[in-house]
Each structure stands twice: as C-alpha cells, then as structure tokens.
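Novice: Here you go, start19.tsv (TSV, C-alpha atoms):
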```tsv
chain	number	residue	atom	x	y	z
A	1	MET	CA	30.58	56.83	69.87
A	2	ASN	CA	27.86	59.37	69.05
A	3	PHE	CA	30.08	62.19	70.25
A	4	ILE	CA	33.14	61.01	68.29
A	5	PHE	CA	31.02	60.62	65.19
A	6	SER	CA	29.65	64.18	65.31
A	7	ALA	CA	32.97	65.70	66.32
A	8	VAL	CA	34.98	64.09	63.50
A	9	PHE	CA	32.19	64.63	60.99
A	10	ILE	CA	31.81	68.35	61.74
A	11	ALA	CA	35.57	68.94	61.87
A	12	ALA	CA	36.04	67.17	58.53
A	13	ALA	CA	33.15	69.08	56.94
A	14	ALA	CA	34.53	72.40	58.20
A	15	LEU	CA	38.00	71.62	56.82
A	16	LEU	CA	36.57	70.58	53.47
A	17	LEU	CA	34.55	73.81	53.28
A	18	VAL	CA	37.83	75.71	53.31
A	19	ARG	CA	39.91	73.38	51.17
A	20	ASP	CA	37.68	71.65	48.65
A	21	PRO	CA	33.89	71.81	49.16
A	22	ALA	CA	33.25	69.80	45.99
A	23	ALA	CA	34.99	66.78	47.47
A	24	PHE	CA	32.52	66.48	50.36
A	25	LEU	CA	29.73	64.41	48.82
A	26	PRO	CA	32.02	62.21	46.69
A	27	ALA	CA	34.01	61.34	49.81
A	28	MET	CA	30.87	60.28	51.67
A	29	LEU	CA	29.62	58.28	48.72
A	30	GLU	CA	33.02	56.64	48.39
A	31	GLY	CA	32.81	55.60	52.04
A	32	ALA	CA	29.32	54.15	51.60
A	33	LYS	CA	30.48	52.36	48.45
A	34	ASN	CA	33.33	50.81	50.43
A	35	ALA	CA	30.76	49.68	52.99
A	36	VAL	CA	28.62	48.01	50.31
A	37	GLY	CA	31.68	46.30	48.82
A	38	LEU	CA	32.83	45.16	52.23
A	39	CYS	CA	29.38	43.77	53.04
A	40	VAL	CA	29.23	41.81	49.80
A	41	THR	CA	32.62	40.28	50.64
A	42	LEU	CA	31.51	39.63	54.21
A	43	ALA	CA	28.27	37.99	53.06
A	44	ALA	CA	30.32	35.48	51.07
A	45	VAL	CA	32.78	34.93	53.93
A	46	TYR	CA	29.99	34.50	56.49
A	47	ALA	CA	28.02	32.10	54.30
A	48	VAL	CA	31.04	29.80	54.02
A	49	TRP	CA	32.15	29.96	57.64
A	50	LEU	CA	28.71	29.94	59.27
A	51	GLY	CA	27.85	26.95	57.08
A	52	ILE	CA	30.94	25.01	58.15
A	53	LEU	CA	30.52	26.10	61.76
A	54	LYS	CA	26.95	24.80	61.79
A	55	VAL	CA	28.14	21.44	60.47
A	56	ALA	CA	30.83	21.34	63.17
A	57	GLU	CA	28.24	22.33	65.76
A	58	ASP	CA	25.76	19.65	64.71
A	59	ALA	CA	28.56	17.07	64.76
A	60	GLY	CA	29.31	18.03	68.36
A	61	ILE	CA	32.84	19.21	67.52
A	62	LEU	CA	32.32	22.71	68.90
A	63	ARG	CA	30.88	21.32	72.10
A	64	GLY	CA	33.99	19.19	72.52
A	65	MET	CA	36.30	22.15	71.95
A	66	ALA	CA	34.35	24.36	74.31
A	67	ARG	CA	34.31	21.66	76.99
A	68	GLY	CA	38.10	21.66	77.00
A	69	ALA	CA	38.46	25.41	77.15
A	70	LYS	CA	35.38	26.11	79.26
A	71	PRO	CA	36.77	26.26	82.79
A	72	PHE	CA	39.31	28.85	81.69
A	73	LEU	CA	37.13	30.81	79.26
A	74	GLY	CA	34.11	30.73	81.56
A	75	LYS	CA	36.12	32.31	84.34
A	76	LEU	CA	37.73	34.92	82.09
A	77	PHE	CA	34.52	35.92	80.32
A	78	ARG	CA	32.30	35.39	83.40
A	79	THR	CA	29.48	33.58	81.67
A	80	LYS	CA	27.93	30.15	82.10
A	81	ASP	CA	26.13	30.22	78.78
A	82	ASP	CA	27.30	27.08	76.93
A	83	ALA	CA	26.29	28.23	73.46
A	84	ALA	CA	28.14	31.52	73.93
A	85	LEU	CA	31.23	29.74	75.29
A	86	GLU	CA	31.31	27.48	72.23
A	87	LYS	CA	31.34	30.49	69.95
A	88	ILE	CA	33.95	32.26	72.09
A	89	ALA	CA	36.17	29.17	71.93
A	90	VAL	CA	35.92	29.18	68.12
A	91	ASN	CA	36.55	32.94	68.00
A	92	VAL	CA	39.66	32.83	70.19
A	93	THR	CA	41.12	29.74	68.46
A	94	ALA	CA	40.48	31.06	64.96
A	95	ASN	CA	42.08	34.40	65.83
A	96	PHE	CA	45.15	32.68	67.21
A	97	LEU	CA	45.48	30.56	64.08
A	98	GLY	CA	45.15	33.68	61.92
A	99	MET	CA	41.80	32.72	60.41
A	100	GLY	CA	40.05	36.05	60.82
A	101	GLY	CA	37.35	34.89	58.41
A	102	ALA	CA	36.20	32.26	60.87
A	103	ALA	CA	36.74	34.40	63.94
A	104	THR	CA	34.41	37.28	63.12
A	105	PRO	CA	31.15	35.37	62.47
A	106	ALA	CA	31.68	33.28	65.61
A	107	GLY	CA	32.57	36.38	67.60
A	108	VAL	CA	29.52	38.32	66.45
A	109	SER	CA	27.12	35.51	67.29
A	110	ALA	CA	28.82	35.17	70.69
A	111	MET	CA	28.18	38.90	71.25
A	112	ASN	CA	24.53	38.22	70.41
A	113	LEU	CA	24.26	35.25	72.77
A	114	LEU	CA	26.05	37.07	75.57
A	115	GLY	CA	23.20	39.60	75.65
A	116	ALA	CA	21.18	37.13	77.71
A	117	SER	CA	23.90	36.56	80.31
A	118	GLU	CA	23.81	38.55	83.52
A	119	ARG	CA	27.23	40.13	83.18
A	120	ALA	CA	26.72	40.98	79.52
A	121	ARG	CA	28.60	44.27	79.62
A	122	TYR	CA	31.69	42.73	81.14
A	123	SER	CA	31.67	39.67	78.86
A	124	ARG	CA	31.12	41.68	75.71
A	125	ALA	CA	33.83	44.21	76.57
A	126	MET	CA	36.24	41.35	77.27
A	127	LEU	CA	35.47	39.59	73.99
A	128	PHE	CA	35.86	42.82	72.03
A	129	VAL	CA	39.19	43.69	73.65
A	130	PHE	CA	40.38	40.11	73.09
A	131	ASN	CA	39.69	40.47	69.38
A	132	CYS	CA	41.34	43.89	69.20
A	133	ALA	CA	44.61	42.59	70.65
A	134	GLY	CA	45.06	40.58	67.46
A	135	LEU	CA	47.12	37.87	69.14
A	136	GLN	CA	48.24	35.57	66.36
A	137	MET	CA	50.50	32.53	66.33
A	138	PHE	CA	51.99	33.51	63.00
A	139	PRO	CA	51.38	36.83	61.21
A	140	THR	CA	50.94	35.38	57.71
A	141	THR	CA	49.94	38.55	55.84
A	142	ILE	CA	52.86	40.69	56.91
A	143	VAL	CA	55.48	37.93	56.59
A	144	SER	CA	54.28	37.20	53.05
A	145	LEU	CA	54.32	40.89	52.21
A	146	ARG	CA	57.87	41.29	53.51
A	147	ALA	CA	59.05	38.21	51.64
A	148	ALA	CA	57.44	39.56	48.47
A	149	ALA	CA	59.23	42.89	49.00
A	150	GLY	CA	62.55	41.01	49.00
A	151	ALA	CA	63.32	40.89	52.71
A	152	VAL	CA	66.34	38.71	53.58
A	153	SER	CA	64.93	37.71	56.95
A	154	ALA	CA	61.18	38.02	56.54
A	155	TYR	CA	60.60	36.05	59.74
A	156	ASP	CA	62.57	38.19	62.19
A	157	ILE	CA	59.46	40.17	63.14
A	158	VAL	CA	57.49	37.15	64.36
A	159	LEU	CA	58.82	37.31	67.91
A	160	PRO	CA	58.42	41.11	68.34
A	161	VAL	CA	54.87	40.87	66.98
A	162	LEU	CA	53.99	38.06	69.37
A	163	LEU	CA	55.45	39.89	72.38
A	164	ALA	CA	53.79	43.19	71.45
A	165	SER	CA	50.36	41.57	70.92
A	166	LEU	CA	50.68	39.61	74.13
A	167	SER	CA	51.43	42.77	76.13
A	168	ALA	CA	48.47	44.49	74.47
A	169	LEU	CA	46.23	41.55	75.41
A	170	LEU	CA	47.36	41.49	79.04
A	171	PHE	CA	46.91	45.25	79.29
A	172	GLY	CA	43.44	45.03	77.72
A	173	VAL	CA	42.28	42.18	79.96
A	174	ALA	CA	43.50	44.00	83.07
A	175	ALA	CA	41.80	47.21	81.95
A	176	VAL	CA	38.45	45.49	81.30
A	177	MET	CA	38.63	43.84	84.74
A	178	LEU	CA	39.34	47.22	86.31
A	179	VAL	CA	36.57	49.09	84.48
A	180	TYR	CA	33.82	46.45	84.53
A	181	GLY	CA	34.98	44.03	87.20
A	182	GLY	CA	33.57	45.74	90.26
A	183	LYS	CA	30.15	46.63	88.92
A	184	ARG	CA	27.38	44.14	88.23
A	185	GLY	CA	27.07	44.55	84.55
B	1	MET	CA	53.29	26.24	48.80
B	2	LYS	CA	53.28	27.14	52.47
B	3	TRP	CA	52.01	24.60	54.97
B	4	THR	CA	49.22	26.97	56.00
B	5	ALA	CA	47.58	26.41	52.60
B	6	TYR	CA	46.98	22.77	53.55
B	7	LEU	CA	45.35	23.65	56.85
B	8	LEU	CA	41.88	24.62	55.64
B	9	PRO	CA	41.15	21.82	53.15
B	10	VAL	CA	42.25	19.23	55.72
B	11	LEU	CA	40.30	20.91	58.51
B	12	PHE	CA	37.08	21.27	56.49
B	13	ALA	CA	37.25	17.74	55.10
B	14	GLY	CA	37.90	16.46	58.61
B	15	ILE	CA	34.85	18.29	59.99
B	16	LEU	CA	32.64	16.91	57.22
B	17	LEU	CA	34.02	13.41	57.73
B	18	ILE	CA	33.32	13.46	61.47
B	19	ALA	CA	29.86	14.94	60.82
B	20	SER	CA	29.05	12.19	58.27
B	21	VAL	CA	30.21	9.46	60.63
B	22	ARG	CA	27.97	10.93	63.33
B	23	LYS	CA	25.05	10.88	60.88
B	24	VAL	CA	24.63	14.65	60.61
B	25	ARG	CA	22.57	15.78	57.58
B	26	VAL	CA	25.57	17.76	56.33
B	27	TYR	CA	23.94	19.46	53.34
B	28	ASP	CA	20.94	20.71	55.33
B	29	SER	CA	23.16	21.65	58.20
B	30	PHE	CA	25.48	23.74	56.02
B	31	ALA	CA	22.51	25.49	54.42
B	32	ALA	CA	21.01	26.23	57.84
B	33	GLY	CA	24.27	27.83	58.92
B	34	ALA	CA	24.73	29.84	55.72
B	35	ALA	CA	21.16	31.13	56.09
B	36	GLY	CA	22.40	33.18	59.03
B	37	ALA	CA	24.79	35.21	56.88
B	38	LEU	CA	22.38	37.72	55.37
B	39	PRO	CA	20.37	38.56	58.52
B	40	LEU	CA	23.70	39.12	60.27
B	41	LEU	CA	24.81	41.54	57.55
B	42	LYS	CA	21.49	43.33	57.61
B	43	ASN	CA	22.34	44.27	61.20
B	44	LEU	CA	25.97	45.11	60.42
B	45	PHE	CA	25.59	47.18	57.26
B	46	PRO	CA	24.23	50.42	58.81
B	47	TYR	CA	27.13	50.63	61.27
B	48	ILE	CA	29.78	49.67	58.75
B	49	ALA	CA	28.42	52.31	56.37
B	50	ALA	CA	28.47	55.00	59.07
B	51	ILE	CA	32.05	54.20	60.09
B	52	LEU	CA	33.42	53.97	56.56
B	53	VAL	CA	31.75	57.22	55.48
B	54	LEU	CA	33.37	58.88	58.47
B	55	ALA	CA	36.75	57.28	57.71
B	56	GLU	CA	36.61	58.59	54.15
B	57	LEU	CA	35.77	62.13	55.33
B	58	PHE	CA	38.59	61.93	57.87
B	59	GLU	CA	41.03	61.07	55.09
B	60	ALA	CA	39.69	63.43	52.37
B	61	SER	CA	39.48	66.49	54.64
B	62	GLY	CA	43.18	66.27	55.39
B	63	LEU	CA	42.31	65.85	59.05
B	64	SER	CA	44.26	62.60	59.25
B	65	SER	CA	47.46	64.02	57.73
B	66	ALA	CA	47.17	67.13	59.93
B	67	LEU	CA	46.83	64.94	62.98
B	68	CYS	CA	49.82	62.86	61.84
B	69	SER	CA	52.18	65.81	61.56
B	70	ALA	CA	50.92	67.23	64.86
B	71	LEU	CA	51.61	63.95	66.66
B	72	ALA	CA	54.94	63.06	65.02
B	73	PRO	CA	57.10	64.67	67.77
B	74	ALA	CA	55.19	62.86	70.52
B	75	PHE	CA	55.62	59.60	68.60
B	76	SER	CA	59.36	59.96	68.20
B	77	PHE	CA	59.60	60.73	71.90
B	78	LEU	CA	58.02	57.31	72.57
B	79	GLY	CA	60.46	55.58	70.21
B	80	ILE	CA	58.09	55.23	67.26
B	81	PRO	CA	59.87	56.42	64.09
B	82	GLU	CA	57.92	59.39	62.73
B	83	GLU	CA	57.87	57.79	59.27
B	84	ILE	CA	55.33	55.26	60.56
B	85	ALA	CA	53.15	57.74	62.51
B	86	PRO	CA	50.52	57.76	59.71
B	87	LEU	CA	50.38	53.97	59.90
B	88	VAL	CA	49.75	53.99	63.67
B	89	LEU	CA	46.88	56.43	63.15
B	90	VAL	CA	45.31	54.76	60.11
B	91	LYS	CA	45.49	51.19	61.45
B	92	PRO	CA	42.45	51.47	63.80
B	93	PHE	CA	40.33	52.75	60.91
B	94	SER	CA	41.30	50.74	57.89
B	95	GLY	CA	43.01	47.42	57.31
B	96	SER	CA	43.44	47.86	53.57
B	97	GLY	CA	44.56	51.47	54.02
B	98	SER	CA	47.24	50.53	56.52
B	99	LEU	CA	48.38	47.60	54.40
B	100	SER	CA	48.98	49.94	51.48
B	101	LEU	CA	50.94	52.27	53.78
B	102	VAL	CA	53.08	49.32	54.88
B	103	SER	CA	53.93	48.33	51.32
B	104	GLU	CA	54.83	51.97	50.53
B	105	ILE	CA	57.21	51.93	53.50
B	106	PHE	CA	58.76	48.64	52.28
B	107	GLU	CA	59.38	50.20	48.89
B	108	MET	CA	60.78	53.44	50.25
B	109	TYR	CA	63.09	52.15	52.99
B	110	GLY	CA	63.67	48.50	52.02
B	111	ALA	CA	61.92	45.55	53.64
B	112	ASP	CA	64.85	44.76	55.96
B	113	SER	CA	65.23	48.27	57.40
B	114	TYR	CA	64.44	49.11	61.00
B	115	ILE	CA	61.54	51.31	59.88
B	116	ALA	CA	60.06	48.50	57.77
B	117	ARG	CA	60.32	46.08	60.71
B	118	CYS	CA	58.61	48.57	63.02
B	119	ALA	CA	55.88	49.07	60.42
B	120	SER	CA	55.41	45.29	60.19
B	121	VAL	CA	55.05	44.98	63.95
B	122	VAL	CA	52.63	47.90	64.16
B	123	TYR	CA	50.55	46.44	61.37
B	124	ALA	CA	50.50	42.88	62.71
B	125	SER	CA	50.00	43.64	66.40
B	126	GLY	CA	47.20	46.15	65.81
B	127	GLU	CA	43.63	45.67	64.72
B	128	THR	CA	41.08	47.73	62.82
B	129	ILE	CA	39.40	48.72	66.07
B	130	PHE	CA	36.72	51.06	64.70
B	131	TYR	CA	35.64	48.52	62.14
B	132	LEU	CA	35.61	45.74	64.75
B	133	SER	CA	33.62	47.93	67.15
B	134	ALA	CA	31.04	48.56	64.43
B	135	VAL	CA	30.77	44.84	63.72
B	136	TYR	CA	30.94	43.48	67.29
B	137	PHE	CA	28.67	46.01	68.94
B	138	ALA	CA	26.08	46.03	66.16
B	139	PRO	CA	23.97	43.35	67.95
B	140	VAL	CA	24.08	45.41	71.17
B	141	SER	CA	20.88	47.38	71.36
B	142	GLY	CA	20.77	50.89	72.75
B	143	LYS	CA	23.81	52.91	73.75
B	144	LYS	CA	27.08	51.60	72.35
B	145	PRO	CA	29.72	51.34	75.06
B	146	ILE	CA	32.79	53.53	74.58
B	147	ALA	CA	35.12	52.19	77.30
B	148	PRO	CA	36.03	48.96	75.43
B	149	VAL	CA	37.00	51.02	72.36
B	150	LEU	CA	39.25	53.28	74.43
B	151	ILE	CA	40.84	50.28	76.15
B	152	ALA	CA	41.48	48.61	72.80
B	153	LEU	CA	43.00	51.79	71.34
B	154	ALA	CA	45.30	52.14	74.35
B	155	ALA	CA	46.28	48.46	74.13
B	156	ASN	CA	47.10	48.76	70.41
B	157	PHE	CA	49.13	51.91	71.03
B	158	LEU	CA	51.04	50.13	73.78
B	159	ALA	CA	51.73	47.30	71.34
B	160	ALA	CA	53.10	49.81	68.81
B	161	VAL	CA	55.42	51.45	71.36
B	162	LEU	CA	56.64	48.13	72.75
B	163	GLY	CA	56.87	46.60	69.27
B	164	CYS	CA	59.26	49.32	68.10
B	165	ALA	CA	61.34	48.79	71.25
B	166	PHE	CA	61.40	45.01	70.70
B	167	CYS	CA	62.54	45.57	67.11
B	168	ARG	CA	65.54	47.46	68.40
B	169	ILE	CA	66.71	44.76	70.81
B	170	LEU	CA	65.58	41.54	69.12
```
Output the file's structure in the form of structure tokens.

Specialist:
Amino acid sequence: MNFIFSAVFIAAAALLLVRDPAAFLPAMLEGAKNAVGLCVTLAAVYAVWLGILKVAEDAGILRGMARGAKPFLGKLFRTKDDAALEKIAVNVTANFLGMGGAATPAGVSAMNLLGASERARYSRAMLFVFNCAGLQMFPTTIVSLRAAAGAVSAYDIVLPVLLASLSALLFGVAAVMLVYGGKRG
Amino acid sequence: MKWTAYLLPVLFAGILLIASVRKVRVYDSFAAGAAGALPLLKNLFPYIAAILVLAELFEASGLSSALCSALAPAFSFLGIPEEIAPLVLVKPFSGSGSLSLVSEIFEMYGADSYIARCASVVYASGETIFYLSAVYFAPVSGKKPIAPVLIALAANFLAAVLGCAFCRIL
C-alpha cells in the first residue's frame, strides 16, 4: 500500500505540475474534506448500528445467529473465536441483505477481534475479500436508479449481478486459500 | 413503497421486543454500543483521509482519464464496452463517483440499453475496494497486507468481464 500511495501521488503531482499546478493543493484539500464529511456520516451510521447491535448482542440474538452459522463460518474463516464469529455472521448476513450500514461496523469489529486468533492473516484476508465481492440478494440501489431513469425492465439485471458477484466471491475465496492457506498466518 | 422499507422498522422493533422480554437494560445497552462509534472513527479517519486525498489527486491530475483511454482497447477485447471503462476504473475508488458515472450512462444511452445494463452489473457486482481496505485494515497494526487488495481487485474485474457476458446472453 505504501508503494502504491507514493507511486500514484508522485505521478499525479508530476502531471499536475505540467497541466495545472494551482489545482494541486485544492485537490488535496477537497479529498480531505470528503474524508471529514464521510467520517461525520459514518459516525452517525455507526452510532445507530453499533447501538442496535449491542442490544441484539445483550439479548443473545447474535449468539443464536452465530451458533447456526458457526460450523460453516468457523471452517471458512478458520477461527474458533466466538465473539469474532458472531460479528462475522452479522457482517455476512447484512451484506447479503444489502444493509451495508450494518455490515461495516460489524465487519470492522470482527477484524479487530480476529487479531487475537492464531490465523489472523488468513481470517482477515478472507473477511476482506468476502466484503469486496459485494454479494447481494437484491441490488436495491441500482434497480431503483434504473427504474427512476425510466427503464422498462429495471429488474433484468438482477440475475447477471448475482451470477457475476458469486463468481467473484468463489474466485476470491479460492485465491485467499491459495495465498494464505498453506502458511501458518 | 417497496417491501424493503418495512424490513428495518420491523427488524429493529423485533430486536428491542426480544431484548425487553429477556430483561436487557435496552437504553443502557444501546448507549454502550453507540459509545464505540467515535473511537472506531478515530482509528479510521487517518486512513480514509489518506485514500480520499489520493483519489482526488488521481482524478484532478487527469491520470484516471489517461489510464481509461489507454485501457479501452484491452477492455473491449474482454467484452467490456469501452463506454463503461471509466466506470470499471473508478468503482474501486469511489462509490459516489461511480454512481454518478452510472446515471450519466443511463441518460446518454437509455436505461434499457446493453451499455446501461453492463454499467448496472459492473456497479452492483463491484465494491469500493480501496475505501474498504482503508476501513477494514485500519485496526491492523503494522504493515498493511497488499495481497487481499490485489485478490479483491482481480475478483471485481472478473465480475465485470463475466457480468458483461451474462448481460449478452441473459
């Protein structure tokens, strides 16, 4: 990541020197401003979802969910940490239902908890790749956008999206197993 | 109203109902959970800022459009219409950026066109990988792993290629 950061940064700075040096600082400030705005939004989203999640956790609902999914998830993510598995179960379910707002806080605290497990590198890579595949039961945003743009058959992309995401997920899982599976990590 | 709008109120009310029946101190419990939001963001903000500053420079320098036109032939070879090449490249960086590209494509080619359907699939089957990597690997101390990011990028690209193929046959 450090290499990509420097490479893109220096290339962009060099290009801007030629094209429009005055735009350099405003562009960086704009990026930082986006980050602040995003974090304010995220703070609100996290407060709501972490609050509800804690209630669900204290009521034993998360434990119940995780118990059902544990044999499968435990094997896939190679961890025996119950607290982490609970959060992973919430993350995977919320993603599938298209509730990204609930998925991210649960996913991030799972990443935290996984740090203590002995195959942390494998488990974390798997969870990250799982989230990046974006497997969703029903792509609400894009279907609504198409319907709003006057599409006659706004739903005819649901199947291609599902198949494409599923292939991406299978590819990702296989790749993580290949890269991290052999090593103790 | 779509049925999905009913999902959350019912779900949340259900959770609170079960919690109350099981004698959970719901108010305190909610507050305890919400308390975790700001410390979490304190860890996330530096990485989000770094990534978004870089994304903005990438866009403003013209590097992203240069890369797009350089890669367009390779994309059309793989069956991705070159009109949506910018979308494929922007998607890993920015969700809002790619969404605005999608709605431009809808306007320009019509929402029922093949290109619009491909754009929809690329948008919906991909994720904002660089943003997610900043968020998910923020709690990981020390060196940030690069292999998961590469795997995710490859997986998303595969989804784009396959998605365009599926759009043609389905």

Novice: Please return, as an mmCIF file with C-alpha atoms, keeping the file's coordinate frame, all residues of chain B lying within 6 Å of chain A when all atoms listed in the file are considered.

Specialist:
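And here is the file that came out, iface-v7.cif:
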```
data_model
loop_
_atom_site.group_PDB
_atom_site.id
_atom_site.type_symbol
_atom_site.label_atom_id
_atom_site.label_comp_id
_atom_site.auth_asym_id
_atom_site.auth_seq_id
_atom_site.Cartn_x
_atom_site.Cartn_y
_atom_site.Cartn_z
ATOM 1 C CA ILE B 15 34.850 18.290 59.990
ATOM 2 C CA ALA B 19 29.860 14.940 60.820
ATOM 3 C CA SER B 29 23.160 21.650 58.200
ATOM 4 C CA PHE B 30 25.480 23.740 56.020
ATOM 5 C CA GLY B 33 24.270 27.830 58.920
ATOM 6 C CA ALA B 34 24.730 29.840 55.720
ATOM 7 C CA ALA B 37 24.790 35.210 56.880
ATOM 8 C CA ILE B 48 29.780 49.670 58.750
ATOM 9 C CA ALA B 49 28.420 52.310 56.370
ATOM 10 C CA LEU B 52 33.420 53.970 56.560
ATOM 11 C CA VAL B 53 31.750 57.220 55.480
ATOM 12 C CA GLU B 56 36.610 58.590 54.150
ATOM 13 C CA LEU B 57 35.770 62.130 55.330
ATOM 14 C CA PHE B 58 38.590 61.930 57.870
ATOM 15 C CA SER B 61 39.480 66.490 54.640
ATOM 16 C CA ALA B 111 61.920 45.550 53.640
ATOM 17 C CA ASP B 112 64.850 44.760 55.960
ATOM 18 C CA VAL B 121 55.050 44.980 63.950
ATOM 19 C CA SER B 125 50.000 43.640 66.400
ATOM 20 C CA GLU B 127 43.630 45.670 64.720
ATOM 21 C CA TYR B 136 30.940 43.480 67.290
ATOM 22 C CA PRO B 139 23.970 43.350 67.950
ATOM 23 C CA PRO B 148 36.030 48.960 75.430
ATOM 24 C CA ALA B 152 41.480 48.610 72.800
ATOM 25 C CA ALA B 155 46.280 48.460 74.130
ATOM 26 C CA ALA B 159 51.730 47.300 71.340
ATOM 27 C CA LEU B 162 56.640 48.130 72.750
ATOM 28 C CA GLY B 163 56.870 46.600 69.270
ATOM 29 C CA PHE B 166 61.400 45.010 70.700
#
```

Novice: Taking 5 positions as the minimum chain separation for residues in the same chain, which residues sit within 8 Å of Val149 (chain B) when counting all atoms listed in the file? Answer as a compact mmCIF listing (two decimals) with C-alpha atoms, keeping the file's coordinate frame.

Specialist:
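In the end it all went to result_24.txt:
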```
# COMPACT_ATOMS: atom_id res chain seq x y z
CA VAL A 129 39.19 43.69 73.65
CA ILE B 129 39.40 48.72 66.07
CA PHE B 130 36.72 51.06 64.70
CA SER B 133 33.62 47.93 67.15
```

Novice: Would you kindly return, as a PyMOL selection string, each protein, DNA or RNA residue with an atom no farther than 12 Å from any atom of Ser65 (chain B), considering all atoms listed in the file and excluding same-chain residues fewer than 3 positions away?

Specialist: (chain A and resi 12) or (chain B and resi 58-62+68-72+85-90)

Novice: Hey, which of B:Gly79, B:Gly95, B:Gly14, B:Pro9 ends up closest to Ile115 (chain B)? Count all atoms listed in the file.

Specialist: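 When distances to Ile115 (chain B) are compared using all atoms listed in the file, the smallest one comes from B:Gly79.
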
Novice: In Å to one decimal, how far is CA of Ile151 (chain B) from CA of Gly101 (chain A)?

Specialist: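 Separating CA of Gly101 (chain A) from CA of Ile151 (chain B) is a distance of 23.7 Å.
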